[in-house]
file query33.tsv (TSV, C-alpha atoms)
chain	number	residue	atom	x	y	z
A	272	MET	CA	0.00	0.00	0.00
A	273	HIS	CA	0.87	3.66	-0.34
A	274	ILE	CA	-0.03	5.14	3.06
A	275	ALA	CA	-0.19	8.85	3.95
A	276	MET	CA	0.33	9.39	7.70
A	277	VAL	CA	-0.48	12.79	9.22
A	278	THR	CA	0.76	13.79	12.68
A	279	GLU	CA	1.42	17.02	14.55
A	280	THR	CA	4.11	15.49	16.75
A	281	TYR	CA	7.10	13.37	15.79
A	282	PRO	CA	10.60	12.58	17.12
A	283	PRO	CA	12.82	14.12	18.31
A	284	GLU	CA	9.79	15.45	20.23
A	285	VAL	CA	9.37	13.15	23.23
A	286	ASN	CA	5.86	11.92	24.02
A	287	GLY	CA	3.86	8.75	23.56
A	288	VAL	CA	2.12	9.90	20.39
A	289	ALA	CA	5.38	10.88	18.65
A	290	ARG	CA	7.05	7.58	19.56
A	291	THR	CA	4.04	5.51	18.53
A	292	VAL	CA	3.63	7.20	15.14
A	293	ALA	CA	7.36	6.86	14.38
A	294	LEU	CA	7.41	3.17	15.27
A	295	MET	CA	4.29	2.49	13.22
A	296	ALA	CA	5.75	4.33	10.20
A	297	GLU	CA	9.05	2.46	10.47
A	298	GLY	CA	7.19	-0.81	10.89
A	299	LEU	CA	5.04	-0.26	7.80
A	300	VAL	CA	8.12	0.51	5.68
A	301	ALA	CA	9.76	-2.67	7.00
A	302	LEU	CA	6.67	-4.60	5.90
A	303	GLY	CA	7.10	-3.31	2.35
A	304	HIS	CA	4.62	-0.41	2.28
A	305	ALA	CA	5.34	3.11	1.01
A	306	VAL	CA	4.81	5.79	3.67
A	307	GLN	CA	4.36	9.51	3.14
A	308	LEU	CA	4.65	11.24	6.53
A	309	VAL	CA	3.07	14.70	6.89
A	310	ARG	CA	4.13	16.72	9.93
A	311	PRO	CA	4.92	20.30	11.05
A	312	ARG	CA	8.40	21.71	10.51
A	313	GLN	CA	10.07	21.58	13.95
A	314	GLY	CA	12.62	24.36	13.41
A	315	PRO	CA	14.43	26.42	10.77
A	316	ALA	CA	17.00	23.67	10.16
A	317	ASP	CA	14.40	20.89	9.90
A	318	ALA	CA	14.52	19.27	6.46
A	319	PRO	CA	12.23	16.56	5.06
A	320	GLN	CA	13.70	13.07	5.23
A	321	ALA	CA	13.43	10.65	2.34
A	322	GLY	CA	14.44	7.08	1.65
A	323	GLU	CA	13.30	3.95	-0.09
A	324	ARG	CA	9.51	3.76	0.34
A	325	TYR	CA	9.56	6.78	2.71
A	326	GLU	CA	9.13	10.52	2.25
A	327	GLU	CA	8.20	13.46	4.45
A	328	VAL	CA	6.04	16.49	3.69
A	329	LEU	CA	6.72	19.36	6.11
A	330	CYS	CA	4.07	21.97	6.86
A	331	ARG	CA	4.00	25.17	8.89
A	332	GLY	CA	3.63	24.89	12.65
A	333	ILE	CA	3.54	27.08	15.76
A	334	PRO	CA	4.57	26.30	19.38
A	335	ILE	CA	1.82	24.90	21.59
A	336	PRO	CA	1.00	27.26	24.52
A	337	ARG	CA	2.82	26.14	27.71
A	338	TYR	CA	4.69	23.49	25.65
A	339	ALA	CA	7.18	25.54	23.64
A	340	GLN	CA	9.14	22.39	22.74
A	341	LEU	CA	6.12	21.00	20.85
A	342	LYS	CA	4.60	22.26	17.62
A	343	MET	CA	1.00	22.42	16.46
A	344	GLY	CA	0.53	22.07	12.72
A	345	LEU	CA	-1.31	24.80	10.84
A	346	PRO	CA	-3.93	23.96	8.18
A	347	ALA	CA	-2.35	22.63	4.98
A	348	GLY	CA	-5.31	21.54	2.90
A	349	ARG	CA	-4.05	23.08	-0.36
A	350	ILE	CA	-0.64	21.41	-0.02
A	351	LEU	CA	-2.19	18.04	0.80
A	352	ARG	CA	-4.72	18.13	-2.01
A	353	ALA	CA	-1.92	18.85	-4.50
A	354	ALA	CA	0.32	16.09	-3.07
A	355	TRP	CA	-2.47	13.51	-2.99
A	356	ARG	CA	-3.70	14.35	-6.48
A	357	ALA	CA	-0.12	13.91	-7.76
A	358	ARG	CA	0.19	10.55	-6.01
A	359	ARG	CA	-3.03	9.17	-4.65
A	360	PRO	CA	-2.57	7.22	-1.39
A	361	ASP	CA	-4.44	3.98	-0.80
A	362	VAL	CA	-5.36	5.20	2.69
A	363	VAL	CA	-4.81	8.31	4.82
A	364	HIS	CA	-4.07	7.79	8.51
A	365	ILE	CA	-4.50	10.85	10.76
A	366	ALA	CA	-2.93	10.54	14.21
A	367	THR	CA	-3.80	13.94	15.75
A	368	GLU	CA	-6.85	16.21	15.84
A	369	GLY	CA	-5.15	19.61	15.58
A	370	PRO	CA	-5.48	22.12	12.72
A	371	LEU	CA	-3.22	20.03	10.47
A	372	GLY	CA	-5.24	16.90	11.21
A	373	TRP	CA	-8.55	18.66	10.50
A	374	SER	CA	-7.25	20.02	7.18
A	375	ALA	CA	-5.98	16.53	6.24
A	376	LEU	CA	-9.41	15.12	7.04
A	377	GLY	CA	-11.07	17.70	4.79
A	378	ALA	CA	-8.59	17.15	1.95
A	379	ALA	CA	-8.96	13.37	2.09
A	380	ARG	CA	-12.77	13.63	2.16
A	381	ASP	CA	-12.74	15.99	-0.85
A	382	LEU	CA	-10.60	13.49	-2.79
A	383	GLU	CA	-12.73	10.54	-1.61
A	384	LEU	CA	-9.76	8.79	-0.03
A	385	PRO	CA	-10.20	6.09	2.65
A	386	ILE	CA	-9.45	7.57	6.09
A	387	ALA	CA	-8.36	6.01	9.39
A	388	THR	CA	-7.81	8.08	12.53
A	389	ASP	CA	-6.17	7.31	15.85
A	390	PHE	CA	-7.48	8.36	19.27
A	391	HIS	CA	-4.31	9.07	21.23
A	392	THR	CA	-5.19	11.77	23.76
A	393	ASN	CA	-8.07	12.28	26.21
A	394	PHE	CA	-8.39	16.01	25.60
A	395	HIS	CA	-11.95	16.02	26.95
A	396	ALA	CA	-10.66	14.64	30.27
A	397	TYR	CA	-8.00	17.36	30.60
A	398	SER	CA	-10.39	20.27	31.17
A	399	ARG	CA	-10.90	19.71	34.90
A	400	HIS	CA	-7.12	19.82	35.41
A	401	TYR	CA	-6.95	23.28	33.82
A	402	GLY	CA	-9.79	24.92	35.74
A	403	ALA	CA	-12.41	24.52	33.00
A	404	PRO	CA	-14.49	21.39	33.72
A	405	TRP	CA	-17.35	22.86	31.65
A	406	LEU	CA	-15.21	22.28	28.53
A	407	ALA	CA	-15.37	18.47	28.85
A	408	ARG	CA	-18.66	18.07	26.96
A	409	PRO	CA	-17.87	20.42	24.03
A	410	ALA	CA	-14.37	18.90	23.77
A	411	ALA	CA	-15.85	15.41	23.53
A	412	ALA	CA	-18.29	16.63	20.87
A	413	TRP	CA	-15.45	18.23	18.91
A	414	LEU	CA	-13.44	14.97	19.02
A	415	ARG	CA	-16.49	12.89	18.10
A	416	ARG	CA	-17.22	15.10	15.09
A	417	PHE	CA	-13.63	14.69	13.89
A	418	HIS	CA	-13.36	10.92	14.30
A	419	ASN	CA	-16.84	10.06	13.07
A	420	ARG	CA	-16.00	11.60	9.68
A	421	ALA	CA	-13.38	8.86	9.23
A	422	ASP	CA	-13.96	5.32	8.02
A	423	CYS	CA	-12.36	3.92	11.17
A	424	THR	CA	-10.94	5.17	14.48
A	425	MET	CA	-8.26	3.13	16.21
A	426	VAL	CA	-8.09	3.04	20.01
A	427	PRO	CA	-5.45	1.30	22.15
A	428	THR	CA	-7.64	-0.66	24.60
A	429	THR	CA	-11.06	-2.29	24.80
A	430	GLN	CA	-11.76	-0.04	27.81
A	431	MET	CA	-11.22	3.06	25.67
A	432	ALA	CA	-13.42	1.62	22.92
A	433	GLU	CA	-16.26	1.08	25.41
A	434	GLU	CA	-15.91	4.60	26.85
A	435	LEU	CA	-15.88	6.27	23.45
A	436	GLU	CA	-18.74	4.16	22.13
A	437	ALA	CA	-20.82	5.38	25.09
A	438	LEU	CA	-20.00	8.96	23.97
A	439	GLY	CA	-21.25	8.29	20.44
A	440	PHE	CA	-18.00	7.47	18.63
A	441	GLU	CA	-18.46	5.07	15.72
A	442	ARG	CA	-16.46	2.46	13.78
A	443	LEU	CA	-13.90	1.83	16.53
A	444	ARG	CA	-11.11	-0.74	16.17
A	445	VAL	CA	-8.69	-1.76	18.93
A	446	VAL	CA	-4.98	-1.63	18.05
A	447	GLY	CA	-2.75	-1.81	21.12
A	448	ARG	CA	0.69	-0.43	21.85
A	449	GLY	CA	3.95	-2.32	22.15
A	450	VAL	CA	7.37	-2.17	23.76
A	451	ASN	CA	10.89	-2.97	22.61
A	452	ALA	CA	11.95	-5.48	25.26
A	453	ARG	CA	15.53	-5.39	23.98
A	454	THR	CA	15.81	-1.64	24.63
A	455	PHE	CA	13.81	-1.63	27.87
A	456	SER	CA	15.44	-4.40	29.87
A	457	PRO	CA	16.74	-5.07	33.41
A	458	GLU	CA	20.14	-5.54	31.78
A	459	ARG	CA	20.36	-1.74	31.39
A	460	ARG	CA	20.68	-1.25	35.17
A	461	ARG	CA	23.61	1.03	36.09
A	462	PRO	CA	24.96	1.17	39.67
A	463	GLU	CA	26.75	4.45	38.93
A	464	LEU	CA	23.43	6.06	38.01
A	465	ARG	CA	21.89	4.95	41.29
A	466	ALA	CA	24.90	6.37	43.10
A	467	ARG	CA	24.24	9.77	41.48
A	468	TRP	CA	20.72	9.59	42.89
A	469	GLY	CA	22.12	8.94	46.38
A	470	ALA	CA	20.60	5.46	46.47
A	471	ALA	CA	22.37	2.69	48.36
A	472	ALA	CA	22.71	-0.67	46.59
A	473	ASP	CA	19.79	-2.15	48.55
A	474	ALA	CA	17.67	1.03	48.73
A	475	PRO	CA	14.40	1.06	46.75
A	476	VAL	CA	14.23	3.75	44.07
A	477	ALA	CA	10.79	4.95	43.00
A	478	LEU	CA	10.58	6.32	39.44
A	479	CYS	CA	7.99	8.28	37.50
A	480	VAL	CA	8.47	9.02	33.79
A	481	SER	CA	5.85	11.51	32.69
A	482	ARG	CA	5.04	14.86	31.16
A	483	PHE	CA	5.22	17.39	33.99
A	484	ALA	CA	1.67	18.64	33.54
A	485	PRO	CA	-1.47	18.98	35.71
A	486	GLU	CA	-3.36	16.12	34.03
A	487	LYS	CA	-0.65	13.64	35.08
A	488	ASN	CA	-1.61	13.81	38.79
A	489	LEU	CA	2.00	14.32	39.92
A	490	PRO	CA	1.14	15.53	43.46
A	491	LEU	CA	0.05	11.94	44.17
A	492	VAL	CA	3.55	10.73	43.23
A	493	ILE	CA	4.96	13.03	45.91
A	494	GLU	CA	2.42	11.84	48.48
A	495	ALA	CA	3.16	8.20	47.67
A	496	TYR	CA	6.90	8.84	47.94
A	497	GLU	CA	6.46	10.46	51.35
A	498	ALA	CA	4.54	7.38	52.51
A	499	MET	CA	7.31	5.16	51.14
A	500	ARG	CA	9.93	7.15	53.06
A	501	ARG	CA	7.95	6.81	56.29
A	502	ALA	CA	8.01	3.05	55.73
A	503	ASN	CA	11.64	2.96	54.61
A	504	PRO	CA	13.78	6.12	54.99
A	505	ALA	CA	16.29	4.80	52.42
A	506	VAL	CA	13.79	5.16	49.53
A	507	ARG	CA	14.71	7.63	46.78
A	508	LEU	CA	12.47	9.27	44.15
A	509	VAL	CA	13.43	10.08	40.54
A	510	LEU	CA	11.17	12.10	38.23
A	511	VAL	CA	11.96	12.10	34.50
A	512	GLY	CA	10.21	14.34	31.98
A	513	ASP	CA	9.53	17.95	31.09
A	514	GLY	CA	6.59	20.31	30.97
A	515	PRO	CA	5.02	23.33	32.67
A	516	LEU	CA	5.29	21.93	36.24
A	517	GLN	CA	9.06	21.44	36.05
A	518	ALA	CA	10.01	24.43	38.20
A	519	GLU	CA	7.34	23.58	40.78
A	520	LEU	CA	8.63	20.02	41.11
A	521	GLN	CA	12.20	21.23	41.49
A	522	ARG	CA	11.15	23.70	44.21
A	523	ALA	CA	9.34	20.89	46.07
A	524	ASN	CA	12.75	19.21	46.52
A	525	ALA	CA	11.06	15.83	46.95
A	526	GLY	CA	13.52	13.83	44.89
A	527	THR	CA	15.78	13.92	41.85
A	528	VAL	CA	14.07	15.81	39.02
A	529	ILE	CA	15.59	15.04	35.63
A	530	ALA	CA	14.10	17.51	33.21
A	531	GLY	CA	14.59	17.17	29.50
A	532	ARG	CA	14.59	14.55	26.80
A	533	LEU	CA	16.19	11.24	27.69
A	534	VAL	CA	16.26	8.96	24.70
A	535	ASN	CA	17.60	5.54	23.73
A	536	GLY	CA	20.11	4.17	26.23
A	537	GLU	CA	19.71	7.01	28.71
A	538	LEU	CA	15.98	6.55	29.24
A	539	SER	CA	16.15	2.75	29.38
A	540	ALA	CA	19.01	2.95	31.92
A	541	HIS	CA	16.92	5.21	34.13
A	542	TYR	CA	14.04	2.74	34.06
A	543	ALA	CA	16.22	-0.27	34.77
A	544	SER	CA	18.13	1.45	37.58
A	545	ALA	CA	14.93	1.98	39.58
A	546	ASP	CA	12.83	-0.59	41.45
A	547	VAL	CA	9.26	0.75	41.65
A	548	PHE	CA	7.33	2.69	39.02
A	549	LEU	CA	4.67	5.12	40.26
A	550	PHE	CA	2.12	6.13	37.64
A	551	PRO	CA	-1.01	7.86	39.03
A	552	SER	CA	-2.44	9.35	35.81
A	553	LEU	CA	-6.16	8.94	35.18
A	554	THR	CA	-6.22	10.65	31.77
A	555	GLU	CA	-4.27	8.14	29.68
A	556	THR	CA	-5.61	6.52	26.55
A	557	PHE	CA	-2.84	3.95	27.04
A	558	GLY	CA	0.38	5.07	28.75
A	559	ASN	CA	3.36	3.58	26.89
A	560	VAL	CA	5.51	4.18	29.97
A	561	THR	CA	3.65	1.41	31.80
A	562	LEU	CA	4.87	-1.24	29.35
A	563	GLU	CA	8.36	0.30	29.32
A	564	ALA	CA	8.53	0.04	33.12
A	565	MET	CA	7.25	-3.55	33.06
A	566	ALA	CA	9.79	-4.58	30.41
A	567	SER	CA	12.51	-2.96	32.53
A	568	GLY	CA	11.61	-5.24	35.44
A	569	LEU	CA	9.97	-2.67	37.71
A	570	ALA	CA	7.09	-3.22	40.11
A	571	VAL	CA	4.37	-0.87	38.84
A	572	VAL	CA	1.89	0.93	41.10
A	573	ALA	CA	-0.91	2.39	38.98
A	574	TYR	CA	-4.64	2.85	38.78
A	575	ARG	CA	-6.63	0.04	37.18
A	576	THR	CA	-7.05	1.83	33.87
A	577	ALA	CA	-5.50	2.09	30.38
A	578	ALA	CA	-2.33	-0.01	29.87
A	579	ALA	CA	-2.18	-1.05	33.53
A	580	ARG	CA	-5.69	-2.52	33.38
A	581	GLN	CA	-4.87	-4.35	30.15
A	582	HIS	CA	-1.44	-5.75	31.01
A	583	ILE	CA	-1.04	-5.96	34.80
A	584	GLU	CA	-2.46	-8.69	37.01
A	585	HIS	CA	-2.84	-7.23	40.50
A	586	GLY	CA	-0.59	-8.92	43.04
A	587	ARG	CA	1.28	-10.89	40.38
A	588	SER	CA	2.81	-8.46	37.88
A	589	GLY	CA	2.11	-5.17	39.65
A	590	LEU	CA	-0.20	-3.46	42.13
A	591	LEU	CA	-3.39	-1.69	41.03
A	592	ALA	CA	-5.58	0.77	42.91
A	593	GLU	CA	-9.14	1.43	41.83
A	594	PRO	CA	-9.40	4.65	39.78
A	595	GLY	CA	-9.54	7.69	42.06
A	596	ASP	CA	-8.64	5.79	45.26
A	597	ARG	CA	-5.77	8.03	46.39
A	598	ALA	CA	-5.42	6.35	49.78
A	599	GLY	CA	-5.28	2.94	48.12
A	600	PHE	CA	-2.59	4.07	45.68
A	601	ILE	CA	-0.48	5.49	48.52
A	602	ALA	CA	-0.92	2.33	50.60
A	603	LEU	CA	0.29	0.13	47.72
A	604	ALA	CA	3.40	2.27	47.27
A	605	GLY	CA	4.12	2.05	51.01
A	606	ARG	CA	3.71	-1.72	50.87
A	607	LEU	CA	6.52	-2.01	48.31
A	608	ALA	CA	8.79	0.21	50.39
A	609	ARG	CA	8.33	-2.17	53.32
A	610	ASP	CA	8.77	-5.28	51.19
A	611	PRO	CA	11.53	-4.89	48.55
A	612	ALA	CA	11.42	-8.66	47.93
A	613	LEU	CA	7.82	-8.31	46.77
A	614	ALA	CA	8.83	-5.48	44.44
A	615	ARG	CA	11.52	-7.69	42.88
A	616	ALA	CA	9.09	-10.59	42.46
A	617	LEU	CA	6.47	-8.37	40.80
A	618	GLY	CA	9.13	-6.89	38.52
A	619	ARG	CA	10.25	-10.32	37.31
A	620	VAL	CA	6.71	-11.33	36.35
A	621	ALA	CA	6.08	-7.90	34.79
A	622	ARG	CA	9.12	-8.39	32.56
A	623	SER	CA	7.80	-11.76	31.38
A	624	ALA	CA	4.34	-10.28	30.72
A	625	ALA	CA	5.71	-7.37	28.66
A	626	GLU	CA	8.21	-9.29	26.51
A	627	PRO	CA	5.66	-10.74	24.02
A	628	VAL	CA	3.96	-7.34	23.45
A	629	SER	CA	6.32	-6.36	20.64
A	630	TRP	CA	5.96	-3.41	18.29
A	631	GLU	CA	6.33	-5.85	15.39
A	632	ARG	CA	3.13	-7.59	16.46
A	633	ILE	CA	1.30	-4.30	17.01
A	634	THR	CA	2.39	-2.97	13.61
A	635	GLN	CA	0.93	-6.05	11.94
A	636	ASP	CA	-2.40	-5.34	13.67
A	637	PHE	CA	-2.16	-1.71	12.48
A	638	GLU	CA	-1.38	-2.87	8.95
A	639	ALA	CA	-4.42	-5.17	8.92
A	640	VAL	CA	-6.79	-2.36	9.94
A	641	LEU	CA	-5.37	0.00	7.31
A	642	ALA	CA	-5.76	-2.72	4.66
A	643	ASP	CA	-9.42	-3.18	5.65
A	644	VAL	CA	-10.05	0.57	5.42
A	645	ALA	CA	-8.27	0.77	2.04
A	646	ALA	CA	-10.16	-2.20	0.56
A	647	PRO	CA	-12.97	-1.35	-1.87
A	648	GLN	CA	-16.37	-1.23	-0.18
A	649	GLY	CA	-17.73	-4.70	0.39
A	650	GLU	CA	-14.33	-6.40	0.09
A	651	VAL	CA	-12.22	-7.75	2.93
A	652	ALA	CA	-8.48	-7.16	2.74
A	653	HIS	CA	-6.12	-10.08	3.22
A	654	VAL	CA	-2.74	-9.24	4.73
A	655	PRO	CA	-0.08	-11.99	4.67
A	656	ALA	CA	0.67	-13.42	8.13
call {"tool": "encode", "arguments": {"input": "query33.tsv", "output": "structure tokens"}}
result
Amino acid sequence: MHIAMVTETYPPEVNGVARTVALMAEGLVALGHAVQLVRPRQGPADAPQAGERYEEVLCRGIPIPRYAQLKMGLPAGRILRAAWRARRPDVVHIATEGPLGWSALGAARDLELPIATDFHTNFHAYSRHYGAPWLARPAAAWLRRFHNRADCTMVPTTQMAEELEALGFERLRVVGRGVNARTFSPERRRPELRARWGAAADAPVALCVSRFAPEKNLPLVIEAYEAMRRANPAVRLVLVGDGPLQAELQRANAGTVIAGRLVNGELSAHYASADVFLFPSLTETFGNVTLEAMASGLAVVAYRTAAARQHIEHGRSGLLAEPGDRAGFIALAGRLARDPALARALGRVARSAAEPVSWERITQDFEAVLADVAAPQGEVAHVPA
């Protein structure tokens, strides 16, 4: 197939959407498909990449308010219509619902191209974290209007499919997320890194890898860490990420705050050098970091939602609190501080559970959905196993 993929975020930007889109694009090329990637220009020196079966189309973008390191694509309907008339894609896949995504949707509809979208971000759930809970309903309506104009919307979990279906979203297909278990592995553990954090060899280190933003529920990480320290004063906390709450977290002086973009070996070493992963977000559509922590051999404490609900068995491969149960979440974190042996046992099983969830397998699922959308009406696509 010739597949046009449209996204408003892409590496080297660091977030789950950017990483997922890049891995899917690379995976499709590896499977023999031709991919045209449409994204905003990330800076003056940014140039479109091209290779065998791969090309980029760069459009204008502007910084996102409060996230200067990220760009939002501006409408590019004229450019896309010209590009897709010159070489008509078999299917258009739109990963984001910003101005670039909306213009791609309009251009593809005008040209009568098959369209698949991806639901990556719970924007309608963010409003209460930014002092505007009244925006939740119009935001959901705006997202529904966007996705229901497509032939298919992909979601990462059955839970998300059920929630969106209840909100009136149509033609939903579940395509999960994966993890590279070779990159994220207990073998990446580095004693010298733990020493920099002030952690003794036998001291539990709690880690949170997240965007530093209100919707990520980071105050609960601090509360859980304080409970862990009461149970075991040797516990250390490491926070990895960036975002608008960075300065506030550094002022709190609750642990080691590592702000910025850790990629490849650096990020995987930080995961593997910790022992417990604290992830209290309730706004995730999936949460790739959960699988990365599991593959790294960490004991995860999370709410029973998104990736944690799908991949963690409570008491066997991690510990799950019921959504919104702050006291329960804190108690589970304290339990691991008191019982490092339990944390190690959970981490071993978590590693085994995450290993089979490869990006190769997920990309094949993604490919199959795109082939179905691209197939002429009434036909069923057949993708080689």
call {"tool": "axis_aligned_box", "arguments": {"input": "query33.tsv", "around": "range 363-371 of chain A", "padding_each_side": "6 Å", "output": "lines of an AutoDock Vina configuration file"}}
result
center_x = -4.9
center_y = 15.0
center_z = 10.3
size_x = 15.9
size_y = 26.3
size_z = 23.0
call {"tool": "closest_residue", "arguments": {"input": "query33.tsv", "among": "A:Ile335, A:Leu607, A:Val277, A:Ala387", "to": "Ala347 in chain A", "atoms": "all atoms listed in the file"}}
result
A:Val277
call {"tool": "closest_residue", "arguments": {"input": "query33.tsv", "among": "A:Leu569, A:Leu384, A:Leu538, A:Met499", "to": "Pro457 in chain A", "atoms": "only C-alpha atoms"}}
result
A:Leu569
call {"tool": "closest_residue", "arguments": {"input": "query33.tsv", "among": "A:Asp317, A:His304, A:Ala545, A:Gln521", "to": "Ala466 in chain A", "atoms": "all atoms listed in the file"}}
result
A:Ala545
call {"tool": "closest_residue", "arguments": {"input": "query33.tsv", "among": "A:Val426, A:Ala502, A:Ala645, A:Ala578", "to": "Ala625 in chain A", "atoms": "all atoms listed in the file"}}
result
A:Ala578
call {"tool": "atom_distance", "arguments": {"input": "query33.tsv", "atom1": "CA of His585 in chain A", "atom2": "CA of Leu478 in chain A"}}
result
19.1 Å
call {"tool": "closest_residue", "arguments": {"input": "query33.tsv", "among": "A:Glu555, A:Trp468, A:Leu590, A:Ala437", "to": "Glu486 in chain A", "atoms": "all atoms listed in the file"}}
result
A:Glu555
call {"tool": "closest_residue", "arguments": {"input": "query33.tsv", "among": "A:Ala378, A:Leu351, A:Ala432, A:Ala639", "to": "Phe390 in chain A", "atoms": "only C-alpha atoms"}}
result
A:Ala432
call {"tool": "build_atoms", "arguments": {"input": "query33.tsv", "residues": "range 538-560 of chain A", "atoms": "N, CA and C atoms", "output": "compact mmCIF listing (two decimals), in the frame of the given file"}}
result
# COMPACT_ATOMS: atom_id res chain seq x y z
N LEU A 538 17.30 6.77 28.64
CA LEU A 538 15.98 6.55 29.24
C LEU A 538 15.86 5.11 29.75
N SER A 539 16.28 4.15 28.96
CA SER A 539 16.15 2.75 29.38
C SER A 539 17.01 2.47 30.61
N ALA A 540 18.16 3.13 30.73
CA ALA A 540 19.01 2.95 31.92
C ALA A 540 18.34 3.52 33.16
N HIS A 541 17.61 4.63 32.98
CA HIS A 541 16.92 5.21 34.13
C HIS A 541 15.79 4.29 34.61
N TYR A 542 15.05 3.73 33.66
CA TYR A 542 14.04 2.74 34.06
C TYR A 542 14.68 1.59 34.83
N ALA A 543 15.67 0.97 34.21
CA ALA A 543 16.22 -0.27 34.77
C ALA A 543 16.95 -0.06 36.08
N SER A 544 17.39 1.17 36.35
CA SER A 544 18.13 1.45 37.58
C SER A 544 17.21 1.76 38.75
N ALA A 545 15.91 1.80 38.51
CA ALA A 545 14.93 1.98 39.58
C ALA A 545 14.37 0.62 40.00
N ASP A 546 13.43 0.65 40.94
CA ASP A 546 12.83 -0.59 41.45
C ASP A 546 11.30 -0.58 41.40
N VAL A 547 10.72 0.60 41.60
CA VAL A 547 9.26 0.75 41.65
C VAL A 547 8.87 1.87 40.70
N PHE A 548 7.81 1.66 39.93
CA PHE A 548 7.33 2.69 39.02
C PHE A 548 5.99 3.20 39.52
N LEU A 549 5.90 4.49 39.79
CA LEU A 549 4.67 5.12 40.26
C LEU A 549 4.02 5.86 39.10
N PHE A 550 2.79 5.49 38.77
CA PHE A 550 2.12 6.13 37.64
C PHE A 550 0.65 6.38 38.00
N PRO A 551 0.33 7.59 38.52
CA PRO A 551 -1.01 7.86 39.03
C PRO A 551 -1.95 8.55 38.05
N SER A 552 -1.60 8.64 36.77
CA SER A 552 -2.44 9.35 35.81
C SER A 552 -3.77 8.65 35.60
N LEU A 553 -4.83 9.46 35.48
CA LEU A 553 -6.16 8.94 35.18
C LEU A 553 -6.67 9.46 33.84
N THR A 554 -5.79 10.07 33.05
CA THR A 554 -6.22 10.65 31.77
C THR A 554 -5.58 9.96 30.57
N GLU A 555 -4.96 8.81 30.77
CA GLU A 555 -4.27 8.14 29.68
C GLU A 555 -5.24 7.42 28.75
N THR A 556 -4.94 7.45 27.44
CA THR A 556 -5.61 6.52 26.55
C THR A 556 -4.90 5.16 26.61
N PHE A 557 -3.60 5.20 26.86
CA PHE A 557 -2.84 3.95 27.04
C PHE A 557 -1.76 4.14 28.11
N GLY A 558 -0.73 4.91 27.81
CA GLY A 558 0.38 5.07 28.75
C GLY A 558 1.51 4.12 28.40
N ASN A 559 2.25 4.44 27.33
CA ASN A 559 3.36 3.58 26.89
C ASN A 559 4.37 3.34 28.00
N VAL A 560 4.50 4.31 28.91
CA VAL A 560 5.51 4.18 29.97
C VAL A 560 5.23 2.98 30.86
